[in-house]
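Here is structure21.csv, consisting of CSV, C-alpha atoms:
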chain,number,residue,atom,x,y,z
N,1,MET,CA,-7.6,2.2,-22.1
N,2,GLY,CA,-5.1,3.3,-19.5
N,3,ILE,CA,-5.2,2.3,-15.8
N,4,ASP,CA,-7.5,4.3,-13.7
N,5,PRO,CA,-5.1,6.5,-11.6
N,6,LEU,CA,-7.2,6.3,-8.4
N,7,SER,CA,-7.5,2.5,-8.7
N,8,ARG,CA,-3.7,2.2,-9.1
N,9,TYR,CA,-3.1,4.6,-6.2
N,10,SER,CA,-5.6,2.8,-4.0
N,11,GLU,CA,-4.0,-0.6,-4.7
N,12,THR,CA,-0.5,0.8,-3.9
N,13,ALA,CA,-1.9,2.3,-0.7
N,14,SER,CA,-3.3,-1.0,0.4
N,15,ARG,CA,-0.1,-2.8,-0.4
N,16,SER,CA,1.8,-0.3,1.7
N,17,ALA,CA,-0.6,-0.8,4.6
N,18,GLY,CA,0.1,-4.5,4.4
N,19,VAL,CA,3.7,-3.9,5.1
N,20,VAL,CA,2.8,-2.5,8.5
N,21,ILE,CA,1.1,-5.6,9.9
N,22,GLY,CA,4.0,-7.7,8.6
N,23,SER,CA,6.5,-5.5,10.5
N,24,TYR,CA,4.6,-5.2,13.8
N,25,SER,CA,2.5,-8.3,14.4
N,26,THR,CA,3.2,-11.9,13.5
N,27,SER,CA,0.1,-13.1,15.3
N,28,PHE,CA,-2.4,-10.8,13.5
N,29,GLY,CA,-0.5,-11.2,10.2
N,30,LEU,CA,-0.8,-15.0,10.5
N,31,ALA,CA,-4.5,-14.8,11.2
N,32,CYS,CA,-5.1,-12.5,8.3
N,33,ARG,CA,-3.6,-15.2,5.9
N,34,LEU,CA,-6.8,-17.3,6.5
N,35,LEU,CA,-8.9,-14.6,4.9
N,36,GLY,CA,-9.6,-14.1,1.2
N,37,PRO,CA,-7.7,-11.3,-0.7
N,38,ARG,CA,-10.3,-8.5,-0.2
N,39,PRO,CA,-11.1,-9.0,3.5
N,40,ARG,CA,-7.4,-9.6,4.2
N,41,ARG,CA,-6.5,-6.2,2.6
N,42,ASP,CA,-9.3,-4.5,4.6
N,43,ILE,CA,-8.1,-5.9,7.9
N,44,GLU,CA,-4.6,-4.9,7.0
N,45,ASN,CA,-5.8,-1.4,6.2
N,46,ILE,CA,-7.5,-1.1,9.6
N,47,TYR,CA,-4.5,-2.4,11.4
N,48,ALA,CA,-2.1,0.0,9.6
N,49,LEU,CA,-4.0,3.1,10.7
N,50,VAL,CA,-4.4,1.8,14.3
N,51,ARG,CA,-0.7,1.0,14.5
N,52,VAL,CA,0.4,4.3,13.1
N,53,ALA,CA,-1.6,6.1,15.7
N,54,ASP,CA,-0.4,3.8,18.5
N,55,GLU,CA,3.3,4.2,17.5
N,56,LEU,CA,2.8,8.0,17.4
N,57,VAL,CA,1.7,8.1,21.0
N,58,ASP,CA,4.0,5.3,22.2
N,59,GLY,CA,7.3,7.0,21.4
N,60,ALA,CA,8.1,7.1,17.7
N,61,ALA,CA,7.3,10.8,17.5
N,62,ARG,CA,9.1,11.6,20.7
N,63,SER,CA,12.2,9.7,19.5
N,64,ALA,CA,12.1,11.9,16.4
N,65,GLY,CA,12.4,14.9,18.7
N,66,LEU,CA,8.8,16.1,18.9
N,67,ASP,CA,7.7,17.6,22.2
N,68,PRO,CA,4.4,16.6,23.8
N,69,ALA,CA,2.5,19.5,22.2
N,70,ALA,CA,3.8,18.6,18.8
N,71,VAL,CA,2.9,14.9,19.3
N,72,CYS,CA,-0.6,15.9,20.2
N,73,ALA,CA,-0.8,18.1,17.1
N,74,GLN,CA,0.3,15.2,15.0
N,75,LEU,CA,-2.4,13.0,16.4
N,76,ASP,CA,-5.0,15.7,15.9
N,77,ARG,CA,-3.9,16.0,12.3
N,78,LEU,CA,-4.0,12.3,11.7
N,79,GLU,CA,-7.6,12.2,13.0
N,80,ARG,CA,-8.6,15.1,10.7
N,81,GLU,CA,-6.9,13.5,7.7
N,82,THR,CA,-8.7,10.2,8.5
N,83,GLU,CA,-12.2,11.9,8.7
N,84,GLN,CA,-11.6,13.9,5.6
N,85,ALA,CA,-10.5,10.8,3.6
N,86,MET,CA,-13.5,8.9,4.9
N,87,ALA,CA,-15.7,11.7,3.5
N,88,THR,CA,-13.9,12.2,0.2
N,89,GLY,CA,-12.3,8.9,-0.6
N,90,TYR,CA,-8.8,10.3,-1.0
N,91,SER,CA,-5.7,11.1,1.1
N,92,THR,CA,-2.1,11.9,0.3
N,93,ASN,CA,-1.2,9.7,3.3
N,94,MET,CA,-1.3,6.2,1.9
N,95,VAL,CA,-2.1,4.5,5.2
N,96,VAL,CA,-5.0,6.9,5.7
N,97,HIS,CA,-6.1,6.5,2.1
N,98,ALA,CA,-6.2,2.7,2.5
N,99,PHE,CA,-8.1,2.8,5.7
N,100,ALA,CA,-10.6,5.2,4.2
N,101,ALA,CA,-11.2,2.9,1.2
N,102,THR,CA,-12.1,0.1,3.6
N,103,ALA,CA,-14.2,2.4,5.8
N,104,ARG,CA,-16.3,3.6,2.9
N,105,ARG,CA,-16.8,0.1,1.5
N,106,THR,CA,-17.8,-1.5,4.9
N,107,ALA,CA,-19.6,1.4,6.6
N,108,ILE,CA,-17.1,2.2,9.2
N,109,ASP,CA,-17.9,5.7,10.4
N,110,THR,CA,-16.8,8.3,13.0
N,111,SER,CA,-18.8,6.6,15.7
N,112,LEU,CA,-15.9,4.1,15.7
N,113,THR,CA,-12.9,6.2,14.8
N,114,ARG,CA,-13.5,9.1,17.2
N,115,PRO,CA,-13.5,6.9,20.4
N,116,PHE,CA,-10.3,5.3,19.0
N,117,PHE,CA,-8.5,8.6,18.6
N,118,ALA,CA,-9.9,9.8,22.0
N,119,SER,CA,-8.2,6.8,23.7
N,120,MET,CA,-5.0,7.5,21.8
N,121,ARG,CA,-5.2,11.1,23.1
N,122,THR,CA,-5.6,9.8,26.6
N,123,ASP,CA,-2.2,8.1,26.4
N,124,LEU,CA,-0.6,11.5,26.0
N,125,ASP,CA,-1.9,13.0,29.2
N,126,VAL,CA,-3.1,10.3,31.5
N,127,ASP,CA,-0.6,8.1,33.4
N,128,SER,CA,-3.0,6.1,35.6
N,129,HIS,CA,-6.6,4.9,35.5
N,130,SER,CA,-9.6,4.3,37.6
N,131,PRO,CA,-11.9,1.4,36.8
N,132,ASP,CA,-14.2,3.7,34.9
N,133,THR,CA,-11.6,5.5,32.9
N,134,LEU,CA,-9.9,2.2,32.1
N,135,ALA,CA,-13.2,0.8,30.8
N,136,GLU,CA,-13.6,3.8,28.6
N,137,TYR,CA,-9.9,3.5,27.4
N,138,ILE,CA,-10.3,-0.1,26.5
N,139,TYR,CA,-13.5,0.6,24.6
N,140,GLY,CA,-11.8,3.2,22.4
N,141,SER,CA,-8.4,1.6,22.1
N,142,ALA,CA,-9.5,-2.0,21.4
N,143,GLU,CA,-13.2,-2.8,21.4
N,144,VAL,CA,-13.9,-0.3,18.6
N,145,VAL,CA,-11.1,-1.9,16.5
N,146,GLY,CA,-12.9,-5.3,16.9
N,147,LEU,CA,-16.1,-3.6,15.7
N,148,MET,CA,-14.3,-2.2,12.7
N,149,CYS,CA,-13.1,-5.7,11.8
N,150,LEU,CA,-16.6,-6.9,12.3
N,151,GLN,CA,-17.8,-4.5,9.6
N,152,VAL,CA,-15.4,-6.2,7.2
N,153,PHE,CA,-16.6,-9.7,8.2
N,154,ARG,CA,-20.2,-8.7,7.8
N,155,ALA,CA,-19.5,-7.7,4.1
N,156,MET,CA,-17.9,-11.1,3.3
N,157,ASP,CA,-19.6,-13.8,1.2
N,158,GLY,CA,-21.2,-16.4,3.5
N,159,ALA,CA,-21.8,-14.0,6.4
N,160,CYS,CA,-24.9,-14.8,8.4
N,161,ALA,CA,-27.7,-12.2,8.5
N,162,GLY,CA,-28.8,-11.0,11.9
N,163,HIS,CA,-27.3,-12.0,15.2
N,164,ASP,CA,-26.1,-8.4,15.6
N,165,GLU,CA,-26.1,-8.5,19.4
N,166,GLU,CA,-24.0,-11.6,19.6
N,167,LEU,CA,-21.6,-10.4,17.0
N,168,VAL,CA,-21.1,-7.0,18.6
N,169,ARG,CA,-20.6,-8.6,22.0
N,170,ALA,CA,-18.1,-11.0,20.7
N,171,ALA,CA,-16.1,-8.4,18.7
N,172,ARG,CA,-15.9,-6.1,21.7
N,173,SER,CA,-14.9,-8.9,24.1
N,174,LEU,CA,-12.2,-10.2,21.8
N,175,GLY,CA,-10.7,-6.7,21.5
N,176,ALA,CA,-10.9,-6.2,25.2
N,177,ALA,CA,-9.2,-9.5,25.9
N,178,PHE,CA,-6.3,-8.7,23.5
N,179,GLN,CA,-5.8,-5.3,25.2
N,180,LYS,CA,-5.8,-6.8,28.7
N,181,VAL,CA,-3.3,-9.4,27.7
N,182,ASN,CA,-1.1,-6.6,26.4
N,183,PHE,CA,-1.4,-4.8,29.7
N,184,LEU,CA,0.2,-7.8,31.5
N,185,ARG,CA,2.7,-8.5,28.8
N,186,ASP,CA,3.9,-4.9,28.5
N,187,LEU,CA,3.7,-4.1,32.2
N,188,GLY,CA,7.4,-3.2,32.6
N,189,ALA,CA,7.7,-1.3,29.3
N,190,ASP,CA,4.6,0.8,29.9
N,191,SER,CA,5.9,1.9,33.3
N,192,ALA,CA,9.6,2.3,32.6
N,193,ASP,CA,9.5,3.6,29.0
N,194,LEU,CA,6.1,5.4,28.9
N,195,GLY,CA,5.4,6.3,32.5
N,196,ARG,CA,1.9,4.7,32.4
N,197,SER,CA,0.1,2.4,34.7
N,198,TYR,CA,-3.1,1.0,33.1
N,199,LEU,CA,-4.2,-1.3,35.9
N,200,PRO,CA,-5.9,0.7,38.7
N,201,GLY,CA,-3.9,0.6,41.9
N,202,VAL,CA,-1.2,-1.6,40.4
N,203,GLY,CA,2.3,-0.5,39.6
N,204,PRO,CA,4.9,-2.7,37.9
N,205,GLU,CA,6.4,-3.8,41.2
N,206,GLY,CA,3.0,-3.8,43.0
N,207,LEU,CA,1.4,-6.6,40.8
N,208,THR,CA,0.5,-9.5,43.1
N,209,GLU,CA,-0.4,-13.1,42.2
N,210,PRO,CA,-4.1,-12.4,43.1
N,211,ASP,CA,-4.0,-9.3,40.9
N,212,LYS,CA,-2.6,-11.4,38.0
N,213,ARG,CA,-5.1,-14.2,38.5
N,214,GLU,CA,-8.0,-11.8,38.6
N,215,LEU,CA,-7.0,-10.2,35.4
N,216,LEU,CA,-6.4,-13.5,33.7
N,217,ALA,CA,-9.8,-14.8,34.8
N,218,ASP,CA,-11.3,-11.7,33.3
N,219,ILE,CA,-9.4,-12.3,30.0
N,220,ARG,CA,-10.6,-15.9,29.9
N,221,ARG,CA,-14.2,-14.7,30.3
N,222,ASP,CA,-13.8,-12.2,27.5
N,223,LEU,CA,-12.3,-14.9,25.3
N,224,ALA,CA,-15.2,-17.2,26.0
N,225,VAL,CA,-17.7,-14.6,25.0
N,226,ALA,CA,-15.8,-13.9,21.8
N,227,LYS,CA,-15.7,-17.6,21.0
N,228,ALA,CA,-19.4,-17.9,21.4
N,229,GLY,CA,-20.0,-15.4,18.6
N,230,MET,CA,-17.6,-17.0,16.0
N,231,GLY,CA,-20.2,-19.4,14.6
N,232,TYR,CA,-22.1,-16.5,13.1
N,233,LEU,CA,-19.1,-15.4,10.9
N,234,ALA,CA,-18.4,-16.6,7.4
N,235,PRO,CA,-16.1,-19.7,7.5
N,236,PRO,CA,-12.8,-17.8,6.5
N,237,ALA,CA,-13.5,-15.1,9.0
N,238,ARG,CA,-14.3,-17.7,11.7
N,239,ARG,CA,-11.0,-19.4,11.1
N,240,ALA,CA,-9.0,-16.2,11.2
N,241,VAL,CA,-10.7,-15.0,14.4
N,242,ARG,CA,-10.3,-18.4,16.0
N,243,LEU,CA,-6.6,-18.4,15.2
N,244,ALA,CA,-6.2,-14.9,16.8
N,245,HIS,CA,-8.3,-16.1,19.7
N,246,ASP,CA,-6.2,-19.2,20.3
N,247,LEU,CA,-2.9,-17.4,19.9
N,248,PHE,CA,-3.9,-15.0,22.7
N,249,LEU,CA,-5.2,-17.9,24.8
N,250,ALA,CA,-1.8,-19.5,24.5
N,251,LEU,CA,-0.2,-16.2,25.5
N,252,ALA,CA,-2.5,-16.0,28.5
N,253,ALA,CA,-1.5,-19.5,29.5
N,254,ARG,CA,2.2,-18.5,29.4
N,255,LEU,CA,1.5,-15.4,31.4
N,256,GLU,CA,-0.2,-17.6,34.0
N,257,HIS,CA,3.0,-19.5,34.6
N,258,VAL,CA,5.2,-16.4,35.0
N,259,PRO,CA,5.4,-15.1,38.6
N,260,ALA,CA,3.7,-11.7,38.9
N,261,ALA,CA,7.0,-10.1,40.1
N,262,GLU,CA,8.8,-11.2,36.9
N,263,LEU,CA,6.3,-9.6,34.5
N,264,SER,CA,7.8,-6.2,35.0
N,265,ARG,CA,11.2,-7.6,33.8
N,266,ARG,CA,10.4,-9.8,30.9
N,267,ARG,CA,8.0,-9.7,27.9
N,268,VAL,CA,6.3,-13.1,27.5
N,269,ARG,CA,5.9,-14.4,23.9
N,270,VAL,CA,4.4,-17.4,22.2
N,271,PRO,CA,7.2,-19.2,20.4
N,272,ALA,CA,7.0,-19.5,16.6
N,273,VAL,CA,6.8,-23.3,16.7
N,274,GLN,CA,3.8,-23.1,19.0
N,275,LYS,CA,2.1,-20.5,16.8
N,276,ALA,CA,2.6,-22.8,13.8
N,277,CYS,CA,1.0,-25.7,15.7
N,278,ILE,CA,-2.0,-23.6,16.7
N,279,ALA,CA,-2.4,-22.4,13.1
N,280,LEU,CA,-2.2,-26.0,11.8
N,281,ALA,CA,-4.9,-27.1,14.3
N,282,VAL,CA,-7.2,-24.3,13.3
N,283,CYS,CA,-6.7,-24.9,9.6
N,284,ALA,CA,-7.3,-28.6,10.1
N,285,GLY,CA,-10.7,-27.7,11.4
N,286,GLY,CA,-11.1,-30.1,14.3
N,287,ARG,CA,-8.0,-31.8,15.5
N,288,ARG,CA,-7.0,-31.0,19.0
N,289,THR,CA,-3.2,-30.5,19.2
N,290,ARG,CA,-1.2,-30.6,22.4
N,291,VAL,CA,1.5,-27.9,22.4
N,292,HIS,CA,3.7,-26.4,25.0
N,293,GLY,CA,1.6,-24.3,27.4
N,294,GLY,CA,-1.7,-26.2,26.9
N,295,VAL,CA,-4.1,-27.8,24.5
N,296,GLN,CA,-4.9,-25.6,21.6
N,297,GLY,CA,-7.0,-25.9,18.4
N,298,GLY,CA,-10.1,-28.1,18.3
N,299,ALA,CA,-13.4,-27.9,16.6
N,300,PRO,CA,-15.2,-24.5,16.5
N,301,GLY,CA,-17.6,-25.6,19.2
N,302,ALA,CA,-14.9,-27.1,21.5
N,303,ARG,CA,-14.1,-25.5,24.7
N,304,PRO,CA,-10.6,-23.9,24.7
N,305,ALA,CA,-8.1,-25.3,27.2
N,306,GLY,CA,-8.3,-23.4,30.5
N,307,ALA,CA,-11.1,-21.1,29.3
N,308,ALA,CA,-13.8,-20.0,31.7
N,309,VAL,CA,-17.3,-21.4,31.1
N,310,SER,CA,-14.1,-13.2,25.3
N,311,ARG,CA,-3.7,-2.5,22.7
Show how you would write the structure in this file as C-alpha cells.
Amino acid sequence: MGIDPLSRYSETASRSAGVVIGSYSTSFGLACRLLGPRPRRDIENIYALVRVADELVDGAARSAGLDPAAVCAQLDRLERETEQAMATGYSTNMVVHAFAATARRTAIDTSLTRPFFASMRTDLDVDSHSPDTLAEYIYGSAEVVGLMCLQVFRAMDGACAGHDEELVRAARSLGAAFQKVNFLRDLGADSADLGRSYLPGVGPEGLTEPDKRELLADIRRDLAVAKAGMGYLAPPARRAVRLAHDLFLALAARLEHVPAAELSRRRVRVPAVQKACIALAVCAGGRRTRVHGGVQGGAPGARPAGAAVSR
C-alpha cells in the first residue's frame, strides 16, 4: 500500500515547524530535547505558530514593505487560517497545519488561541500599558501558551490525573515569568525598534533600580509557583519544564547584576557553557551544580537559588 498523503504531509509540516524553534530559541529547543518524540513535536508545533505570529507583529512584515494595515490583515488571516485548520485538520500553511494537528490531538481550542491573537493584535496599535492592560496582554501573549503546552503534557504517558488547579496555576505562572524576563531583557529594542513600552510608567531610560528589583521579585514569585506544580507532570515533561525554568532563573540572576540604566543598551544572555551546565544538572536528576551567576540544578523539590519562598 502507498503512503497516506495526509500522514506524509503532516509529518513534513511538523518537521518544518521544528526548524523554527531551532532558529529562534536555544533555550526552548534545549528543553524540548528532554521530551519524547511525540510531545517534542507537539511543543515545537505550538512554538512555531506562536513565533510566526510574534515575528509578524515585531517587524518581519514591516521589513518586507507591508504598511500597518497590511500587517494587521496578515495577522487576521493567520488567525482565520488557524481556526479553520483546527476545525478541518488541514492547511496549506505548514506551520498552521502542524499546530492544528497538535491542537486537535490535545484539545487546544479557541479559548486559548483567541486571547493569543488578541495580544498580538495589541502589539500593532498599543505602545504603552496600564497595570490592567499589561495583565491582559501577558495572559494572551504568554500564559495561554503555557496552557497550550500543559495540554500536551496532560496527554503524555505517566501524567498524573487531577491537580488541575495546581497545574493551570503553574503553567500560567511560568509563561508570565518568561514574558516578564523578556520585558527586561528586550527593554531597549522594544523602545528603539518597535516604539513600545510594556512596563507601566517606565521608559527605557526611566527604569530605576527599585523598578528592576520589584519586577525581578515578581518574576521569582512566578517561578516559585511554577516550580510547585512540576511534580504533577510526567517525568519527561517535569525535566523539560524544570530545565526551561532554571534557564530563565539563571537569566533573571544575570539581569539582577546589570545596572538598570544599562538594560536599555545591552541584551543579557545566558552563555552556552552555563546552559549546558544547567542542562546536565537537570538531567542528572539531583546534583546541585555551581555555575556562574548562581547555584542551578538540584532535585525537583529543592529550592532554586535566589527564588522567593512562577514573550
Can you pull out every residue within 10 Å of segment 216-225 of chain N, counting only C-alpha atoms, but drop anything in the same chain fewer than 2 positions away, and send it as a PyMOL selection string?
chain N and resi 166-167+169-181+184+210-214+227-230+245-246+248-249+252-253+255-256+303-304+306-310
From N:Asp109, N:Glu136, N:Asp67, N:Glu44, residue lying nearest Met86 of chain N [all atoms listed in the file]
N:Asp109
Close residues, Phe117 of chain N itself excluded, 8 Å, all atoms listed in the file, min 3 positions apart in chain, as a PyMOL selection string
chain N and resi 53+75+79+113-114+120-121+140-141
So that I can see what lies close to Ala103 of chain N, please list as a PyMOL selection string the residues with an atom at most 12 Å from it, counting only C-alpha atoms and leaving out residues fewer than 6 positions away in the same chain.
chain N and resi 41-43+45-46+49+82-90+96-97+109-113+145+147-152+155
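Our summary of the geometry notes that atom CA of Ser191 of chain N is positioned 8.5 Å from atom CA of Ser264 of chain N.
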Tell me, as a compact mmCIF listing (two decimals) with C-alpha atoms, in the coordinates of the input, which residues lie within 10 Å of segment 185-189 of chain N, counting only C-alpha atoms; anything in the same chain fewer than 6 positions away does not count.
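And here is the file that came out, out.txt:
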# COMPACT_ATOMS: atom_id res chain seq x y z
CA GLN N 179 -5.80 -5.30 25.20
CA GLY N 195 5.40 6.30 32.50
CA ARG N 196 1.90 4.70 32.40
CA SER N 197 0.10 2.40 34.70
CA TYR N 198 -3.10 1.00 33.10
CA LEU N 199 -4.20 -1.30 35.90
CA VAL N 202 -1.20 -1.60 40.40
CA GLY N 203 2.30 -0.50 39.60
CA PRO N 204 4.90 -2.70 37.90
CA GLU N 205 6.40 -3.80 41.20
CA LEU N 207 1.40 -6.60 40.80
CA LEU N 251 -0.20 -16.20 25.50
CA ALA N 252 -2.50 -16.00 28.50
CA LEU N 255 1.50 -15.40 31.40
CA GLU N 262 8.80 -11.20 36.90
CA LEU N 263 6.30 -9.60 34.50
CA SER N 264 7.80 -6.20 35.00
CA ARG N 265 11.20 -7.60 33.80
CA ARG N 266 10.40 -9.80 30.90
CA ARG N 267 8.00 -9.70 27.90
CA VAL N 268 6.30 -13.10 27.50
CA ARG N 269 5.90 -14.40 23.90
CA ARG N 311 -3.70 -2.50 22.70
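Between atom CA of Arg238 of chain N and atom CA of Ala118 of chain N the interatomic distance comes to 29.7 Å.
Restricting the calculation to all atoms listed in the file, the smallest distance between Ala226 of chain N and any of N:Ser10, N:Gly162, N:Gly146, N:Ala281 is found for N:Gly146.
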Interatomic distance, atom CA of Gly158 of chain N to atom CA of Gly231 of chain N (Å, one decimal):
11.5 Å
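Of the residues listed (N:Ala101, N:Ser119, N:Leu78, N:Arg239), N:Arg239 shows the shortest atom-to-atom separation from Gly285 of chain N; distances use only C-alpha atoms.
Shortest atom-to-atom contact with Val168 of chain N among N:Phe99, N:Tyr232, N:Tyr137, N:Phe183: N:Tyr232, counting only C-alpha atoms.
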Pull the neighbourhood of (0.7, -7.4, 2.3) for me: all residues within 10 Å in file coordinates, counting only C-alpha atoms, as a PyMOL selection string.
chain N and resi 14-22+29+32-33+37+40-41+44-45
How would the residues just chosen look if you wrote them out with C-alpha atoms as an mmCIF file, keeping the file's coordinate frame?
data_model
loop_
_atom_site.group_PDB
_atom_site.id
_atom_site.type_symbol
_atom_site.label_atom_id
_atom_site.label_comp_id
_atom_site.auth_asym_id
_atom_site.auth_seq_id
_atom_site.Cartn_x
_atom_site.Cartn_y
_atom_site.Cartn_z
ATOM 1 C CA SER N 14 -3.300 -1.000 0.400
ATOM 2 C CA ARG N 15 -0.100 -2.800 -0.400
ATOM 3 C CA SER N 16 1.800 -0.300 1.700
ATOM 4 C CA ALA N 17 -0.600 -0.800 4.600
ATOM 5 C CA GLY N 18 0.100 -4.500 4.400
ATOM 6 C CA VAL N 19 3.700 -3.900 5.100
ATOM 7 C CA VAL N 20 2.800 -2.500 8.500
ATOM 8 C CA ILE N 21 1.100 -5.600 9.900
ATOM 9 C CA GLY N 22 4.000 -7.700 8.600
ATOM 10 C CA GLY N 29 -0.500 -11.200 10.200
ATOM 11 C CA CYS N 32 -5.100 -12.500 8.300
ATOM 12 C CA ARG N 33 -3.600 -15.200 5.900
ATOM 13 C CA PRO N 37 -7.700 -11.300 -0.700
ATOM 14 C CA ARG N 40 -7.400 -9.600 4.200
ATOM 15 C CA ARG N 41 -6.500 -6.200 2.600
ATOM 16 C CA GLU N 44 -4.600 -4.900 7.000
ATOM 17 C CA ASN N 45 -5.800 -1.400 6.200
#
